[in-house]
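*Asks:* Starting off with a structure, shown below.
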Amino acid sequence: MAISEKRTITKQEVDFPAWYQDVVREAELAESSEVRGCGIVRPYGLKIWELIKAELSRRLEDDGVENVYFPVFVPLENLEAEKDHVEGFAPELAVVTHAGGEELTNKLAIRPTSEAAMYKTYAKWIQSYKDLPLRLNQWANVVRWEKRPRAFLRWSEFLWQEGHTAFANEDEARSEVIKMLDIYKDVYDFMAIPTFTGRKSENEKFAGAVMTTTVEVMAKDGKAIQGATSHYLGTNFAKVFGVNYLGADGSSHLAHQNSWGLSWRSVGALVMVHGDDNGLRLPPNIAPIQIVIVPIYKDEVSRQQVLDFCQTIKNKFGISYRIKIDERDGQTPGFKFNYWEVRGVPVRLEVGLKELAENKVTLFRRDNGIKEVVAVEDLDKSLPSIMSDIHQSLYQQAVDFSKKNINRIESWDEIKEQTGWFEASWSEDPETEKQLKEKYGIVSRVLLREKENEAPKNKKCFISGQEAKHDWLFAKCY
RNA sequence: CGGGGUGUGGCCCAGUUGGUCUAAGGCGUCUGGUUUGGGACCAGAAGAUCGAGAGUUCGAAUCUCUCCACCCCGACCA
């Protein structure tokens, strides 16, 4: 039977969003729930998130950030305190109007983000300059009733971490914004995902922020995914919630605040960056199973011999790697090969009587589909280099793809020919960005950090012809 | 919120000019057997208030009305 007849995953080139949904389902990452826009994340999908989380957690802890937890409910009036903030989030708020069998006089919003939930308390905690900096993080669920949900990338409820920090002055705050941006970049590197980091435009920045920085990722259909953000809030929230402190000079000052977050959207980005027509491809760092062993046998005697051999291998390497032996009876090897390929397991060891006799294994790499026979005693040495090679090759493929899909353009007329991202010299006038969005559904994604202090290649804005300020990246986005 | 679409066993879906529908088929599940190096095969079995309610009719998955839900494409966002 032809393989295509067995295919349950739409090809990427046929319909990318359908491909994405198919992979999310077939790899058992997640499925939709009874509640509109809310997903059920299955163990395999959640484990990937937990591995990303573990890496980020470690980085935050190393940097001296402490974890905290605030309630999921926020008094609605708190949210309404900051004008830009409420305007940004009001349309997507879920509000609790009844509880305990009664209508609530003071309505409670389910947090869409926690600035408004936390900063009143920060005001209490911060009295003196000696209380600064205050650097806290929470791992939490938040709810944003988005119009257009999409698995992992934009569910109504999602898991994330949100850091909320307060500093004595602008310089300290701003330097942390960049530090967090770098940590996010590193976490994406950990997932073998290349990123584009820098600043957001006025239109695209966080509601209530002075400046938003972003980690942008390119999906395999040429759209952009906002992978994480780090905001300088200035004193906007401090003014409203009274986050001020008594300085060494004896007078009161407003604290300068930041917030920064990364969500399980990163799991969606992972799928869209590395996945292929056969399903998921996971870099070893965040693969729930790094090595799957598929035993191949004929009868009860060989079954036991082969399984014993598999167990020996697992015992030997299970300390260094997350290994699973697929012991299921009744499934053919071919079925199991496909099963684990869809799930993106980076390395598969095929072990049968042939291998047993020679003390070897057949090693298959998910990233390139190549099989080779390796002696068991060589695995010690070769596995680490194979794993890092898989990581490298996935990263490089993504880098090559990104490069190929960013064009330089000079004029409005060239926009219609663009399928991926493009770079252009821009005036940064919000009105021109609105035109671009209306006409083409394209927005500015990021002003790369290295372009911040560079003169634009073209002196004139590609939209308005006004004076251009910088070279920005533009794209359609998820 | 605009546009489009769909609701039929766990999943995919046929049927929708009313009557052989006592609802077909495939996948999956279970039992037994044969198999097992790229998605195995045979035999048998279980499993459905046809999204909900009301109506028309001798008779409704099928027609009418009302409601509900979800999905997809757009504008918004981690």
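Numbering starts fresh at 1 for the residues of each chain in the structure tokens, the chains themselves are lettered A, B, ... in the order given, and ligands are numbered from 1 as they appear.
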Would you give me, as a tab-separated table, each residue of chain B having an atom within 12 Å of an atom of chain A, along with its shortest atom pair and that distance in Å to one decimal, using only C-alpha atoms (C1' of nucleotides) and sorting by chain and residue number?
*Replies:*
residue	atom	partner	partner_atom	distance
B:C1	C1'	A:Lys147	CA	8.4
B:G2	C1'	A:Lys147	CA	11.7
B:C11	C1'	A:Arg25	CA	11.6
B:C12	C1'	A:Thr8	CA	10.7
B:C27	C1'	A:Lys6	CA	10.7
B:U34	C1'	A:Gly330	CA	11.9
B:U35	C1'	A:Gly330	CA	8.7
B:U36	C1'	A:Thr332	CA	5.0
B:G37	C1'	A:Ile296	CA	7.1
B:G38	C1'	A:Gly334	CA	4.2
B:G39	C1'	A:Phe335	CA	4.4
B:A40	C1'	A:Thr332	CA	7.1
B:A69	C1'	A:Arg36	CA	8.9
B:C70	C1'	A:Arg36	CA	7.3
B:C71	C1'	A:Arg36	CA	10.0
B:C72	C1'	A:Ala18	CA	9.6
B:C73	C1'	A:Arg148	CA	10.3
B:G74	C1'	A:Gly441	CA	9.4
B:A75	C1'	A:Glu438	CA	9.0
B:C76	C1'	A:Lys147	CA	7.1
B:C77	C1'	A:Glu146	CA	6.9
B:A78	C1'	A:Ser263	CA	5.3
*Asks:* Hey, can you spit out that residue selection with C-alpha atoms (C1' of nucleotides) as a PDB file, in the first residue's frame?
*Replies:*
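Printed below is part_28.pdb as written:
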ATOM      1  C1'   C B   1     -17.750  41.319  15.148  1.00  0.00           C
ATOM      2  C1'   G B   2     -18.097  40.319   9.510  1.00  0.00           C
ATOM      3  C1'   C B  11     -12.884   9.388  15.394  1.00  0.00           C
ATOM      4  C1'   C B  12     -13.866  10.278   9.901  1.00  0.00           C
ATOM      5  C1'   C B  27     -10.658   3.949  11.232  1.00  0.00           C
ATOM      6  C1'   U B  34      -2.216 -16.201  11.821  1.00  0.00           C
ATOM      7  C1'   U B  35       1.545 -12.357  11.691  1.00  0.00           C
ATOM      8  C1'   U B  36       5.757  -8.829  13.012  1.00  0.00           C
ATOM      9  C1'   G B  37      12.914  -5.352   9.375  1.00  0.00           C
ATOM     10  C1'   G B  38       8.381   0.825   6.944  1.00  0.00           C
ATOM     11  C1'   G B  39       1.421   2.291   8.909  1.00  0.00           C
ATOM     12  C1'   A B  40      -0.362  -6.618   8.834  1.00  0.00           C
ATOM     13  C1'   A B  69     -22.601  24.450  19.825  1.00  0.00           C
ATOM     14  C1'   C B  70     -18.228  24.014  17.264  1.00  0.00           C
ATOM     15  C1'   C B  71     -14.849  24.688  13.087  1.00  0.00           C
ATOM     16  C1'   C B  72     -12.597  27.534   9.084  1.00  0.00           C
ATOM     17  C1'   C B  73     -11.248  32.525   6.635  1.00  0.00           C
ATOM     18  C1'   G B  74     -10.533  37.873   8.205  1.00  0.00           C
ATOM     19  C1'   A B  75      -9.728  42.362  12.007  1.00  0.00           C
ATOM     20  C1'   C B  76      -7.149  41.782  17.734  1.00  0.00           C
ATOM     21  C1'   C B  77      -3.418  39.437  20.878  1.00  0.00           C
ATOM     22  C1'   A B  78       1.551  35.594  24.672  1.00  0.00           C
TER      23        A B  78
END
*Asks:* Quick one: DSSP strand (DSSP E) residues in range 275-455 of chain A, as an MDAnalysis selection string?
*Replies:* chainID A and resid 291:295 323:325 347:351 360:365 371:375 406:408 421:426 443:448
*Asks:* For the residues in that selection, give me C-alpha atoms as an mmCIF file, in the first residue's frame.
*Replies:*
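So out02.cif came out as:
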data_model
loop_
_atom_site.group_PDB
_atom_site.id
_atom_site.type_symbol
_atom_site.label_atom_id
_atom_site.label_comp_id
_atom_site.auth_asym_id
_atom_site.auth_seq_id
_atom_site.Cartn_x
_atom_site.Cartn_y
_atom_site.Cartn_z
ATOM 1 C CA ILE A 291 15.472 7.937 22.104
ATOM 2 C CA VAL A 292 12.834 5.361 21.331
ATOM 3 C CA ILE A 293 13.883 1.735 21.035
ATOM 4 C CA VAL A 294 11.771 -0.418 18.733
ATOM 5 C CA PRO A 295 12.276 -4.131 19.326
ATOM 6 C CA ILE A 323 14.612 6.662 26.628
ATOM 7 C CA LYS A 324 11.525 4.603 25.957
ATOM 8 C CA ILE A 325 11.283 1.021 24.769
ATOM 9 C CA VAL A 347 16.540 9.225 17.593
ATOM 10 C CA ARG A 348 15.149 5.739 17.068
ATOM 11 C CA LEU A 349 17.068 2.568 17.692
ATOM 12 C CA GLU A 350 15.842 -0.477 15.816
ATOM 13 C CA VAL A 351 16.854 -3.636 17.576
ATOM 14 C CA LYS A 360 24.775 -3.395 17.228
ATOM 15 C CA VAL A 361 21.757 -1.147 16.764
ATOM 16 C CA THR A 362 20.232 0.492 13.716
ATOM 17 C CA LEU A 363 20.045 4.190 14.473
ATOM 18 C CA PHE A 364 17.507 6.394 12.693
ATOM 19 C CA ARG A 365 17.580 10.177 12.816
ATOM 20 C CA LYS A 371 19.671 5.187 9.137
ATOM 21 C CA GLU A 372 23.019 3.775 10.129
ATOM 22 C CA VAL A 373 24.227 0.715 11.990
ATOM 23 C CA VAL A 374 26.195 1.501 15.140
ATOM 24 C CA ALA A 375 28.024 -0.830 17.505
ATOM 25 C CA ILE A 406 13.467 37.974 4.065
ATOM 26 C CA ASN A 407 13.634 40.363 1.129
ATOM 27 C CA ARG A 408 14.749 43.940 1.028
ATOM 28 C CA TRP A 421 9.077 38.843 5.608
ATOM 29 C CA PHE A 422 10.655 41.947 4.206
ATOM 30 C CA GLU A 423 12.988 44.674 5.384
ATOM 31 C CA ALA A 424 12.277 48.265 4.501
ATOM 32 C CA SER A 425 13.269 51.776 5.543
ATOM 33 C CA TRP A 426 10.394 53.268 7.484
ATOM 34 C CA VAL A 443 2.513 44.984 10.193
ATOM 35 C CA SER A 444 5.931 45.903 11.445
ATOM 36 C CA ARG A 445 7.379 43.044 13.456
ATOM 37 C CA VAL A 446 10.579 44.332 14.913
ATOM 38 C CA LEU A 447 13.348 46.853 14.693
ATOM 39 C CA LEU A 448 16.376 44.650 15.150
#
*Asks:* Can you list, as a list in words, every protein, DNA or RNA residue that comes within 9 Å of Ser393 in chain A when you count only C-alpha atoms (C1' of nucleotides), leaving out same-chain residues fewer than 5 positions away?
*Replies:* Ala192, Asp367, Asn368, Ser388 and Ala398 of chain A
*Asks:* In terms of the shortest atom-to-atom distance over only C-alpha atoms (C1' of nucleotides), which of B:G4, B:G44, B:G9, B:G15 is closest to A61 in chain B?
*Replies:*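 Distance minimum relative to A61 in chain B lands on B:G15.
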*Asks:* Name all residues at most 12 Å from A24 in chain B (count only C-alpha atoms (C1' of nucleotides); drop same-chain ones fewer than 5 positions away) and give them as a VMD selection string.
*Replies:* chain B and resid 8 13 to 15
*Asks:* Keeping only N, CA and C atoms (P, O5', C5', C4', C3', O3' and C1' of nucleotides), take the residues you just selected and write them out as an mmCIF file, in the first residue's frame.
*Replies:*
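So the final result, stored in selection_23.cif, reads:
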data_model
loop_
_atom_site.group_PDB
_atom_site.id
_atom_site.type_symbol
_atom_site.label_atom_id
_atom_site.label_comp_id
_atom_site.auth_asym_id
_atom_site.auth_seq_id
_atom_site.Cartn_x
_atom_site.Cartn_y
_atom_site.Cartn_z
ATOM 1 P P U B 8 -21.870 14.854 14.414
ATOM 2 O "O5'" U B 8 -23.058 13.883 14.006
ATOM 3 C "C5'" U B 8 -24.037 13.506 14.954
ATOM 4 C "C4'" U B 8 -24.739 12.252 14.515
ATOM 5 C "C3'" U B 8 -23.859 11.012 14.423
ATOM 6 O "O3'" U B 8 -23.700 10.406 15.694
ATOM 7 C "C1'" U B 8 -25.160 11.183 12.473
ATOM 8 P P C B 13 -15.327 14.685 8.595
ATOM 9 O "O5'" C B 13 -16.399 13.628 8.100
ATOM 10 C "C5'" C B 13 -16.758 13.554 6.752
ATOM 11 C "C4'" C B 13 -17.299 12.183 6.401
ATOM 12 C "C3'" C B 13 -18.776 12.131 6.028
ATOM 13 O "O3'" C B 13 -18.977 12.581 4.687
ATOM 14 C "C1'" C B 13 -18.221 10.256 7.380
ATOM 15 P P A B 14 -20.396 13.126 4.240
ATOM 16 O "O5'" A B 14 -21.108 11.751 3.866
ATOM 17 C "C5'" A B 14 -20.587 10.962 2.791
ATOM 18 C "C4'" A B 14 -21.492 9.805 2.506
ATOM 19 C "C3'" A B 14 -22.956 10.133 2.275
ATOM 20 O "O3'" A B 14 -23.177 10.624 0.965
ATOM 21 C "C1'" A B 14 -22.745 8.171 3.593
ATOM 22 P P G B 15 -24.233 11.771 0.677
ATOM 23 O "O5'" G B 15 -25.561 11.116 1.251
ATOM 24 C "C5'" G B 15 -26.256 10.117 0.501
ATOM 25 C "C4'" G B 15 -27.302 9.484 1.356
ATOM 26 C "C3'" G B 15 -28.476 10.389 1.716
ATOM 27 O "O3'" G B 15 -29.473 10.307 0.707
ATOM 28 C "C1'" G B 15 -27.705 9.218 3.645
#
*Asks:* What is the CA of Glu428 in chain A to CA of Phe474 in chain A distance in Å?
*Replies:*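 Taking CA of Glu428 in chain A and CA of Phe474 in chain A, their separation equals 11.9 Å.
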*Asks:* Using Å and a single decimal, report how far CA of Gly279 in chain A sits from CA of Val23 in chain A.
*Replies:*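 For CA of Val23 in chain A relative to CA of Gly279 in chain A, the distance reads 5.5 Å.
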